[in-house]
Number of protein chains: 2
Amino acid sequence: MTENELKQTLKSDVDVIDGALKRYMRRSDNLQSPIYEAMEYSLFAGGKRLRPVLMTECAKMCGGDINEILPFACAMEMIHTYSLIHDDLPAMDNDDLRRGKPTNHIKYGEATAILAGDALLNKAFEIMTEYGGGAKNALKAINIIAKSSGTEGMIGGQVIDILSEGKSIDLDTLKYLHSMKTGAIIRSSCVCGALLSGEEDTASVDVFALNLGIAFQIRDDILDVIGTEAQLGKPIGSDEEENKTTYVTLLGLQKAEELVKSYSRAAKDALAPYGKKADFLLALTDYLVNREK
Amino acid sequence: MTENELKQTLKSDVDVIDGALKRYMRRSDNLQSPIYEAMEYSLFAGGKRLRPVLMTECAKMCGGDINEILPFACAMEMIHTYSLIHDDLPAMDNDDLRRGKPTNHIKYGEATAILAGDALLNKAFEIMTEYGGGAKNALKAINIIAKSSGTEGMIGGQVIDILSEGKSIDLDTLKYLHSMKTGAIIRSSCVCGALLSGEEDTASVDVFALNLGIAFQIRDDILDVIGTEAQLGKPIGSDEEENKTTYVTLLGLQKAEELVKSYSRAAKDALAPYGKKADFLLALTDYLVNREK
């Protein structure tokens, strides 16, 4: 697959996802409608749509019907977005900028940002249960997604992150933290893409997602050191400035780059059973772990 | 039904619900486990368990199996508790006391309180999808619950509350605010109790819940004026102090008391089709609208 073909498919996936997100955000004109503006501000702030794209493409690889998957794919983006809004709050990471724009609480105030985050998490479950009933294994998939975003998943990772503030942590803890904070919903996105398409054995897809998640996170840490502020839309070197332990601070740049290669290879190897049907996900993996932003 | 019989059934319901809540909060011993302490602190802070009791009793009235209903009943309490934790935050109502104890963020810090709230909302959907699959209409019930706690329900009410701060609002707005903020999840608790028990026509239960919710809220406003701090576990007169519009500030104490009576009568009338099977809910309605705390 050429980079051009990859980018075309990616753009077409993102267009479908954005269209669905807009439909799901339809609202009545009532007293609470200002909250939708705050939700949409962050939901349409230029995210890569990584999680919904992964779910969509895992579903395609397994022969699924994309229309049945879309509510779940969009739910993943809502969950991801809510976590960013809450992470940015003054009591959490206290960030003013996200993707080059003022963070939600800077734009709308803290109270609205808290509620906009709550509302996006809630909306994720609203749309899965409202529009997702036709997909295979719907209830089981919602359960996997809920666990992946909860205390034994993403929120668990945020908790460890908060508790580790100002402490140096070892590699095992760092790996565990990221397996929760970013890894868990990347895994559930992929696994549920397969499961909702009727795939009975989701183990290969899970191994793919697990390794991709780690490679992706290490690349993130590398970009914080070698990227430019303009590319990333946020200050670079922020990890070092905040004394954050990252793969780069623990292992150095060269070793971190080697790890990205080996984890991404493991990710791709896991998709061997899917043969040609995995072509896009293989190309996407290379694209993600070599990205500049 | 005597008050003693009522209190015995109520205590037995609450014991069953508390037992289930404890089981659902089981956790592994891992790095993120401190978050469970913060979640449990608020979950077991002496709440009345009104929503899960209503769901349980509506289910009983409709011939449902309580074991199948419990995950949903506990989910309602988790959703209610998360909303209180977030409502109490400095950026929201900035309350230091709740049920006579320090609020979650006073006890654990703001970051943990934000995450504990997020985690309880998330956990509600985890347990419904993990343990609720056996109940009738499970997916539909989860959808009704999700909508009732979202932007067109409870969160919508919180938004209006925030936006109305320092403004005087009229009776229609106040009614709409409460129909969202407290009314919506009281309604979904009752309606889903019936629906999950296989009840096809939930209209009577819905009318009951709608009217009970209003009566309950007006009684709450009255208690803020005539209650004592020791009974309520929070400072009395706080509504007036914060210039909050309430049913009492808009209508006066006497008219508010009349409204409690007429709404609770409408609630009870709605249960006529259930005959003797509604006895407990009728007695509970009287008990709730005459409560001193």
# chains A, B, ... in the order shown; residues from 1 in each chain; ligands from 1
$ interface_residues --of "chain A" --to "chain B" --cutoff "7 Å" --atoms "only C-alpha atoms" --output "PyMOL selection string"
chain A and resi 31-32+35+91-92+110-111+115+118-119+122-123+125-126+129-130+139-140+142-143+146-147+150-151+155-156+159-160
$ select_by_dssp --residues "segment 196-273 of chain A" --states "helix (DSSP H, G or I)" --output "PDB file with N, CA, C and O atoms, in the first residue's frame"
ATOM      1  N   ALA A 203      -7.969 -12.903  19.796  1.00  0.00           N
ATOM      2  CA  ALA A 203      -6.637 -12.887  20.411  1.00  0.00           C
ATOM      3  C   ALA A 203      -5.582 -12.210  19.530  1.00  0.00           C
ATOM      4  O   ALA A 203      -4.782 -11.411  20.022  1.00  0.00           O
ATOM      5  N   SER A 204      -5.576 -12.505  18.223  1.00  0.00           N
ATOM      6  CA  SER A 204      -4.565 -11.903  17.346  1.00  0.00           C
ATOM      7  C   SER A 204      -4.730 -10.393  17.299  1.00  0.00           C
ATOM      8  O   SER A 204      -3.754  -9.640  17.357  1.00  0.00           O
ATOM      9  N   VAL A 205      -5.970  -9.952  17.196  1.00  0.00           N
ATOM     10  CA  VAL A 205      -6.238  -8.519  17.152  1.00  0.00           C
ATOM     11  C   VAL A 205      -5.801  -7.876  18.469  1.00  0.00           C
ATOM     12  O   VAL A 205      -5.244  -6.772  18.482  1.00  0.00           O
ATOM     13  N   ASP A 206      -5.992  -8.572  19.559  1.00  0.00           N
ATOM     14  CA  ASP A 206      -5.605  -8.037  20.863  1.00  0.00           C
ATOM     15  C   ASP A 206      -4.078  -7.886  20.963  1.00  0.00           C
ATOM     16  O   ASP A 206      -3.575  -6.873  21.453  1.00  0.00           O
ATOM     17  N   VAL A 207      -3.350  -8.887  20.495  1.00  0.00           N
ATOM     18  CA  VAL A 207      -1.878  -8.812  20.527  1.00  0.00           C
ATOM     19  C   VAL A 207      -1.402  -7.660  19.636  1.00  0.00           C
ATOM     20  O   VAL A 207      -0.491  -6.902  20.003  1.00  0.00           O
ATOM     21  N   PHE A 208      -2.019  -7.521  18.481  1.00  0.00           N
ATOM     22  CA  PHE A 208      -1.720  -6.384  17.605  1.00  0.00           C
ATOM     23  C   PHE A 208      -1.884  -5.068  18.364  1.00  0.00           C
ATOM     24  O   PHE A 208      -0.984  -4.230  18.412  1.00  0.00           O
ATOM     25  N   ALA A 209      -3.049  -4.906  18.992  1.00  0.00           N
ATOM     26  CA  ALA A 209      -3.386  -3.638  19.642  1.00  0.00           C
ATOM     27  C   ALA A 209      -2.483  -3.358  20.840  1.00  0.00           C
ATOM     28  O   ALA A 209      -2.060  -2.218  21.063  1.00  0.00           O
ATOM     29  N   LEU A 210      -2.198  -4.400  21.599  1.00  0.00           N
ATOM     30  CA  LEU A 210      -1.333  -4.263  22.770  1.00  0.00           C
ATOM     31  C   LEU A 210       0.035  -3.710  22.368  1.00  0.00           C
ATOM     32  O   LEU A 210       0.541  -2.745  22.954  1.00  0.00           O
ATOM     33  N   ASN A 211       0.622  -4.293  21.337  1.00  0.00           N
ATOM     34  CA  ASN A 211       1.955  -3.869  20.900  1.00  0.00           C
ATOM     35  C   ASN A 211       1.924  -2.512  20.203  1.00  0.00           C
ATOM     36  O   ASN A 211       2.821  -1.688  20.400  1.00  0.00           O
ATOM     37  N   LEU A 212       0.892  -2.298  19.407  1.00  0.00           N
ATOM     38  CA  LEU A 212       0.750  -0.995  18.756  1.00  0.00           C
ATOM     39  C   LEU A 212       0.637   0.108  19.802  1.00  0.00           C
ATOM     40  O   LEU A 212       1.257   1.166  19.676  1.00  0.00           O
ATOM     41  N   GLY A 213      -0.125  -0.143  20.840  1.00  0.00           N
ATOM     42  CA  GLY A 213      -0.320   0.847  21.900  1.00  0.00           C
ATOM     43  C   GLY A 213       0.999   1.251  22.553  1.00  0.00           C
ATOM     44  O   GLY A 213       1.241   2.431  22.810  1.00  0.00           O
ATOM     45  N   ILE A 214       1.835   0.262  22.807  1.00  0.00           N
ATOM     46  CA  ILE A 214       3.132   0.568  23.432  1.00  0.00           C
ATOM     47  C   ILE A 214       4.021   1.349  22.462  1.00  0.00           C
ATOM     48  O   ILE A 214       4.609   2.371  22.818  1.00  0.00           O
ATOM     49  N   ALA A 215       4.095   0.877  21.213  1.00  0.00           N
ATOM     50  CA  ALA A 215       4.917   1.566  20.205  1.00  0.00           C
ATOM     51  C   ALA A 215       4.453   3.013  20.051  1.00  0.00           C
ATOM     52  O   ALA A 215       5.267   3.947  19.990  1.00  0.00           O
ATOM     53  N   PHE A 216       3.139   3.202  20.018  1.00  0.00           N
ATOM     54  CA  PHE A 216       2.548   4.524  19.839  1.00  0.00           C
ATOM     55  C   PHE A 216       2.934   5.449  20.994  1.00  0.00           C
ATOM     56  O   PHE A 216       3.293   6.615  20.799  1.00  0.00           O
ATOM     57  N   GLN A 217       2.882   4.929  22.222  1.00  0.00           N
ATOM     58  CA  GLN A 217       3.197   5.737  23.400  1.00  0.00           C
ATOM     59  C   GLN A 217       4.675   6.115  23.424  1.00  0.00           C
ATOM     60  O   GLN A 217       5.031   7.252  23.742  1.00  0.00           O
ATOM     61  N   ILE A 218       5.551   5.158  23.085  1.00  0.00           N
ATOM     62  CA  ILE A 218       6.983   5.473  23.087  1.00  0.00           C
ATOM     63  C   ILE A 218       7.268   6.547  22.028  1.00  0.00           C
ATOM     64  O   ILE A 218       8.022   7.479  22.267  1.00  0.00           O
ATOM     65  N   ARG A 219       6.621   6.413  20.855  1.00  0.00           N
ATOM     66  CA  ARG A 219       6.774   7.433  19.818  1.00  0.00           C
ATOM     67  C   ARG A 219       6.321   8.805  20.344  1.00  0.00           C
ATOM     68  O   ARG A 219       6.943   9.827  20.048  1.00  0.00           O
ATOM     69  N   ASP A 220       5.264   8.825  21.109  1.00  0.00           N
ATOM     70  CA  ASP A 220       4.765  10.048  21.729  1.00  0.00           C
ATOM     71  C   ASP A 220       5.834  10.680  22.615  1.00  0.00           C
ATOM     72  O   ASP A 220       6.075  11.889  22.558  1.00  0.00           O
ATOM     73  N   ASP A 221       6.462   9.860  23.433  1.00  0.00           N
ATOM     74  CA  ASP A 221       7.522  10.348  24.325  1.00  0.00           C
ATOM     75  C   ASP A 221       8.705  10.883  23.514  1.00  0.00           C
ATOM     76  O   ASP A 221       9.319  11.888  23.877  1.00  0.00           O
ATOM     77  N   ILE A 222       9.022  10.202  22.421  1.00  0.00           N
ATOM     78  CA  ILE A 222      10.135  10.647  21.567  1.00  0.00           C
ATOM     79  C   ILE A 222       9.799  11.996  20.946  1.00  0.00           C
ATOM     80  O   ILE A 222      10.629  12.912  20.931  1.00  0.00           O
ATOM     81  N   LEU A 223       8.572  12.133  20.457  1.00  0.00           N
ATOM     82  CA  LEU A 223       8.170  13.392  19.812  1.00  0.00           C
ATOM     83  C   LEU A 223       8.210  14.563  20.782  1.00  0.00           C
ATOM     84  O   LEU A 223       8.463  15.699  20.370  1.00  0.00           O
ATOM     85  N   ASP A 224       7.965  14.289  22.056  1.00  0.00           N
ATOM     86  CA  ASP A 224       8.024  15.376  23.035  1.00  0.00           C
ATOM     87  C   ASP A 224       9.442  15.935  23.129  1.00  0.00           C
ATOM     88  O   ASP A 224       9.646  17.074  23.542  1.00  0.00           O
ATOM     89  N   VAL A 225      10.429  15.130  22.724  1.00  0.00           N
ATOM     90  CA  VAL A 225      11.823  15.577  22.771  1.00  0.00           C
ATOM     91  C   VAL A 225      12.286  16.126  21.423  1.00  0.00           C
ATOM     92  O   VAL A 225      12.901  17.182  21.342  1.00  0.00           O
ATOM     93  N   ILE A 226      11.940  15.401  20.328  1.00  0.00           N
ATOM     94  CA  ILE A 226      12.500  15.804  19.031  1.00  0.00           C
ATOM     95  C   ILE A 226      11.522  16.594  18.170  1.00  0.00           C
ATOM     96  O   ILE A 226      11.908  17.131  17.138  1.00  0.00           O
ATOM     97  N   GLU A 229       7.177  22.589  18.402  1.00  0.00           N
ATOM     98  CA  GLU A 229       5.923  23.052  18.977  1.00  0.00           C
ATOM     99  C   GLU A 229       4.842  23.218  17.904  1.00  0.00           C
ATOM    100  O   GLU A 229       3.692  22.888  18.117  1.00  0.00           O
ATOM    101  N   ALA A 230       5.248  23.720  16.738  1.00  0.00           N
ATOM    102  CA  ALA A 230       4.284  23.951  15.663  1.00  0.00           C
ATOM    103  C   ALA A 230       3.660  22.641  15.203  1.00  0.00           C
ATOM    104  O   ALA A 230       2.454  22.555  14.944  1.00  0.00           O
ATOM    105  N   GLN A 231       4.497  21.569  15.125  1.00  0.00           N
ATOM    106  CA  GLN A 231       3.959  20.278  14.695  1.00  0.00           C
ATOM    107  C   GLN A 231       3.002  19.696  15.723  1.00  0.00           C
ATOM    108  O   GLN A 231       1.982  19.124  15.392  1.00  0.00           O
ATOM    109  N   LEU A 232       3.368  19.819  16.992  1.00  0.00           N
ATOM    110  CA  LEU A 232       2.598  19.129  18.030  1.00  0.00           C
ATOM    111  C   LEU A 232       1.406  19.932  18.551  1.00  0.00           C
ATOM    112  O   LEU A 232       0.498  19.368  19.146  1.00  0.00           O
ATOM    113  N   SER A 238       7.838  19.424  27.338  1.00  0.00           N
ATOM    114  CA  SER A 238       7.012  19.613  28.534  1.00  0.00           C
ATOM    115  C   SER A 238       7.194  18.457  29.515  1.00  0.00           C
ATOM    116  O   SER A 238       7.110  18.634  30.722  1.00  0.00           O
ATOM    117  N   ASP A 239       7.456  17.261  28.992  1.00  0.00           N
ATOM    118  CA  ASP A 239       7.674  16.117  29.881  1.00  0.00           C
ATOM    119  C   ASP A 239       8.876  16.369  30.784  1.00  0.00           C
ATOM    120  O   ASP A 239       8.809  16.186  32.001  1.00  0.00           O
ATOM    121  N   GLU A 240      10.000  16.798  30.163  1.00  0.00           N
ATOM    122  CA  GLU A 240      11.225  17.024  30.927  1.00  0.00           C
ATOM    123  C   GLU A 240      11.015  18.148  31.938  1.00  0.00           C
ATOM    124  O   GLU A 240      11.414  18.044  33.097  1.00  0.00           O
ATOM    125  N   GLU A 241      10.355  19.214  31.461  1.00  0.00           N
ATOM    126  CA  GLU A 241      10.120  20.365  32.317  1.00  0.00           C
ATOM    127  C   GLU A 241       9.323  19.983  33.562  1.00  0.00           C
ATOM    128  O   GLU A 241       9.561  20.486  34.654  1.00  0.00           O
ATOM    129  N   TYR A 247       9.595   7.003  28.515  1.00  0.00           N
ATOM    130  CA  TYR A 247      10.492   5.991  27.945  1.00  0.00           C
ATOM    131  C   TYR A 247      11.837   6.609  27.593  1.00  0.00           C
ATOM    132  O   TYR A 247      12.882   5.974  27.735  1.00  0.00           O
ATOM    133  N   VAL A 248      11.808   7.875  27.153  1.00  0.00           N
ATOM    134  CA  VAL A 248      13.061   8.522  26.757  1.00  0.00           C
ATOM    135  C   VAL A 248      13.922   8.869  27.975  1.00  0.00           C
ATOM    136  O   VAL A 248      15.135   8.635  27.971  1.00  0.00           O
ATOM    137  N   THR A 249      13.300   9.389  29.036  1.00  0.00           N
ATOM    138  CA  THR A 249      14.114   9.724  30.214  1.00  0.00           C
ATOM    139  C   THR A 249      14.677   8.449  30.854  1.00  0.00           C
ATOM    140  O   THR A 249      15.776   8.463  31.391  1.00  0.00           O
ATOM    141  N   LEU A 250      13.963   7.353  30.760  1.00  0.00           N
ATOM    142  CA  LEU A 250      14.437   6.108  31.390  1.00  0.00           C
ATOM    143  C   LEU A 250      15.458   5.377  30.528  1.00  0.00           C
ATOM    144  O   LEU A 250      16.398   4.772  31.056  1.00  0.00           O
ATOM    145  N   LEU A 251      15.255   5.424  29.197  1.00  0.00           N
ATOM    146  CA  LEU A 251      16.064   4.555  28.330  1.00  0.00           C
ATOM    147  C   LEU A 251      16.954   5.318  27.363  1.00  0.00           C
ATOM    148  O   LEU A 251      17.857   4.719  26.757  1.00  0.00           O
ATOM    149  N   LEU A 253      17.122   8.187  23.960  1.00  0.00           N
ATOM    150  CA  LEU A 253      16.438   8.308  22.676  1.00  0.00           C
ATOM    151  C   LEU A 253      16.657   7.086  21.783  1.00  0.00           C
ATOM    152  O   LEU A 253      15.710   6.558  21.169  1.00  0.00           O
ATOM    153  N   GLN A 254      17.908   6.610  21.728  1.00  0.00           N
ATOM    154  CA  GLN A 254      18.221   5.530  20.785  1.00  0.00           C
ATOM    155  C   GLN A 254      17.507   4.236  21.165  1.00  0.00           C
ATOM    156  O   GLN A 254      16.867   3.584  20.333  1.00  0.00           O
ATOM    157  N   LYS A 255      17.575   3.879  22.417  1.00  0.00           N
ATOM    158  CA  LYS A 255      16.914   2.659  22.892  1.00  0.00           C
ATOM    159  C   LYS A 255      15.396   2.760  22.709  1.00  0.00           C
ATOM    160  O   LYS A 255      14.732   1.787  22.329  1.00  0.00           O
ATOM    161  N   ALA A 256      14.865   3.956  22.966  1.00  0.00           N
ATOM    162  CA  ALA A 256      13.422   4.165  22.785  1.00  0.00           C
ATOM    163  C   ALA A 256      13.035   3.939  21.327  1.00  0.00           C
ATOM    164  O   ALA A 256      12.024   3.293  21.023  1.00  0.00           O
ATOM    165  N   GLU A 257      13.869   4.438  20.416  1.00  0.00           N
ATOM    166  CA  GLU A 257      13.572   4.256  18.992  1.00  0.00           C
ATOM    167  C   GLU A 257      13.637   2.774  18.594  1.00  0.00           C
ATOM    168  O   GLU A 257      12.842   2.301  17.777  1.00  0.00           O
ATOM    169  N   GLU A 258      14.573   2.059  19.182  1.00  0.00           N
ATOM    170  CA  GLU A 258      14.649   0.616  18.906  1.00  0.00           C
ATOM    171  C   GLU A 258      13.382  -0.093  19.391  1.00  0.00           C
ATOM    172  O   GLU A 258      12.863  -0.995  18.735  1.00  0.00           O
ATOM    173  N   LEU A 259      12.925   0.331  20.564  1.00  0.00           N
ATOM    174  CA  LEU A 259      11.717  -0.301  21.117  1.00  0.00           C
ATOM    175  C   LEU A 259      10.493  -0.051  20.237  1.00  0.00           C
ATOM    176  O   LEU A 259       9.661  -0.928  20.050  1.00  0.00           O
ATOM    177  N   VAL A 260      10.379   1.178  19.725  1.00  0.00           N
ATOM    178  CA  VAL A 260       9.271   1.460  18.808  1.00  0.00           C
ATOM    179  C   VAL A 260       9.289   0.461  17.667  1.00  0.00           C
ATOM    180  O   VAL A 260       8.247  -0.110  17.294  1.00  0.00           O
ATOM    181  N   LYS A 261      10.490   0.225  17.116  1.00  0.00           N
ATOM    182  CA  LYS A 261      10.601  -0.721  15.991  1.00  0.00           C
ATOM    183  C   LYS A 261      10.182  -2.124  16.403  1.00  0.00           C
ATOM    184  O   LYS A 261       9.446  -2.799  15.685  1.00  0.00           O
ATOM    185  N   SER A 262      10.672  -2.582  17.555  1.00  0.00           N
ATOM    186  CA  SER A 262      10.374  -3.985  17.884  1.00  0.00           C
ATOM    187  C   SER A 262       8.901  -4.180  18.282  1.00  0.00           C
ATOM    188  O   SER A 262       8.291  -5.177  17.924  1.00  0.00           O
ATOM    189  N   TYR A 263       8.324  -3.197  18.992  1.00  0.00           N
ATOM    190  CA  TYR A 263       6.900  -3.335  19.325  1.00  0.00           C
ATOM    191  C   TYR A 263       6.026  -3.231  18.073  1.00  0.00           C
ATOM    192  O   TYR A 263       5.016  -3.929  17.954  1.00  0.00           O
ATOM    193  N   SER A 264       6.405  -2.370  17.143  1.00  0.00           N
ATOM    194  CA  SER A 264       5.563  -2.258  15.954  1.00  0.00           C
ATOM    195  C   SER A 264       5.710  -3.509  15.083  1.00  0.00           C
ATOM    196  O   SER A 264       4.740  -3.942  14.454  1.00  0.00           O
ATOM    197  N   ARG A 265       6.897  -4.109  15.113  1.00  0.00           N
ATOM    198  CA  ARG A 265       7.038  -5.370  14.374  1.00  0.00           C
ATOM    199  C   ARG A 265       6.152  -6.455  15.010  1.00  0.00           C
ATOM    200  O   ARG A 265       5.462  -7.196  14.305  1.00  0.00           O
ATOM    201  N   ALA A 266       6.162  -6.514  16.324  1.00  0.00           N
ATOM    202  CA  ALA A 266       5.328  -7.510  17.013  1.00  0.00           C
ATOM    203  C   ALA A 266       3.840  -7.277  16.704  1.00  0.00           C
ATOM    204  O   ALA A 266       3.073  -8.229  16.520  1.00  0.00           O
ATOM    205  N   ALA A 267       3.470  -6.001  16.642  1.00  0.00           N
ATOM    206  CA  ALA A 267       2.078  -5.671  16.309  1.00  0.00           C
ATOM    207  C   ALA A 267       1.728  -6.224  14.940  1.00  0.00           C
ATOM    208  O   ALA A 267       0.713  -6.919  14.761  1.00  0.00           O
ATOM    209  N   LYS A 268       2.584  -5.945  13.976  1.00  0.00           N
ATOM    210  CA  LYS A 268       2.301  -6.369  12.600  1.00  0.00           C
ATOM    211  C   LYS A 268       2.313  -7.891  12.460  1.00  0.00           C
ATOM    212  O   LYS A 268       1.465  -8.471  11.776  1.00  0.00           O
ATOM    213  N   ASP A 269       3.281  -8.520  13.133  1.00  0.00           N
ATOM    214  CA  ASP A 269       3.355  -9.990  13.057  1.00  0.00           C
ATOM    215  C   ASP A 269       2.062 -10.643  13.531  1.00  0.00           C
ATOM    216  O   ASP A 269       1.651 -11.688  13.026  1.00  0.00           O
ATOM    217  N   ALA A 270       1.428 -10.017  14.528  1.00  0.00           N
ATOM    218  CA  ALA A 270       0.221 -10.623  15.101  1.00  0.00           C
ATOM    219  C   ALA A 270      -0.916 -10.716  14.077  1.00  0.00           C
ATOM    220  O   ALA A 270      -1.831 -11.527  14.232  1.00  0.00           O
ATOM    221  N   ALA A 272      -0.633 -11.613  10.970  1.00  0.00           N
ATOM    222  CA  ALA A 272      -0.337 -12.578   9.899  1.00  0.00           C
ATOM    223  C   ALA A 272      -1.548 -13.452   9.526  1.00  0.00           C
ATOM    224  O   ALA A 272      -1.804 -13.671   8.332  1.00  0.00           O
ATOM    225  N   PRO A 273      -2.338 -13.934  10.507  1.00  0.00           N
ATOM    226  CA  PRO A 273      -3.476 -14.795  10.149  1.00  0.00           C
ATOM    227  C   PRO A 273      -4.470 -14.131   9.190  1.00  0.00           C
ATOM    228  O   PRO A 273      -5.234 -14.824   8.534  1.00  0.00           O
TER     229      PRO A 273
END
$ closest_residue --among "A:Asp65, A:Asp29, A:Asp18, A:Glu5" --to "Gly46 of chain A" --atoms "only C-alpha atoms"
A:Asp18
$ select_by_dssp --residues "segment 17-256 of chain B" --states "strand (DSSP E)" --output "ChimeraX atom specification"
/B:97-98,101-102
$ write_last_selection --atoms "N, CA, C and O atoms" --output "PDB file, in the first residue's frame"
ATOM      1  N   LEU B  97     -19.007  20.144  53.068  1.00  0.00           N
ATOM      2  CA  LEU B  97     -19.697  19.118  53.854  1.00  0.00           C
ATOM      3  C   LEU B  97     -20.796  18.455  53.034  1.00  0.00           C
ATOM      4  O   LEU B  97     -21.527  19.119  52.291  1.00  0.00           O
ATOM      5  N   ARG B  98     -20.945  17.163  53.229  1.00  0.00           N
ATOM      6  CA  ARG B  98     -22.016  16.401  52.567  1.00  0.00           C
ATOM      7  C   ARG B  98     -22.408  15.314  53.546  1.00  0.00           C
ATOM      8  O   ARG B  98     -21.561  14.541  53.984  1.00  0.00           O
ATOM      9  N   LYS B 101     -20.211  14.924  56.593  1.00  0.00           N
ATOM     10  CA  LYS B 101     -18.793  14.540  56.473  1.00  0.00           C
ATOM     11  C   LYS B 101     -18.105  15.427  55.440  1.00  0.00           C
ATOM     12  O   LYS B 101     -18.762  15.988  54.563  1.00  0.00           O
ATOM     13  N   PRO B 102     -16.765  15.530  55.527  1.00  0.00           N
ATOM     14  CA  PRO B 102     -16.044  16.294  54.507  1.00  0.00           C
ATOM     15  C   PRO B 102     -16.369  15.743  53.115  1.00  0.00           C
ATOM     16  O   PRO B 102     -16.484  14.525  52.945  1.00  0.00           O
TER      17      PRO B 102
END
$ atom_distance --atom1 "atom CA of Leu21 of chain B" --atom2 "atom CA of Asn67 of chain B"
12.6 Å
$ residues_around --residues "Lys60 of chain B" --least-positions-apart "2" --cutoff "10 Å" --atoms "only C-alpha atoms" --output "MDAnalysis selection string"
chainID B and resid 54:58 62:66 69 193:194 197 277:278 280
$ closest_residue --among "B:Pro71, B:Ala59, B:Glu3, B:Tyr108" --to "Met25 of chain B" --atoms "only C-alpha atoms"
B:Pro71
$ residues_around --residues "Val14 of chain A" --least-positions-apart "4" --cutoff "12 Å" --atoms "only C-alpha atoms" --output "list in words"
Lys7, Gln8, Thr9, Leu10, Asp18, Gly19, Ala20, Leu21, Phe44, Gly46, Gly47, Lys48, Arg49, Leu50, Arg51, Pro52, Val53, Leu54, Met55, Thr56, Glu57, Leu70, Ala73, Cys74 and Glu77 of chain A
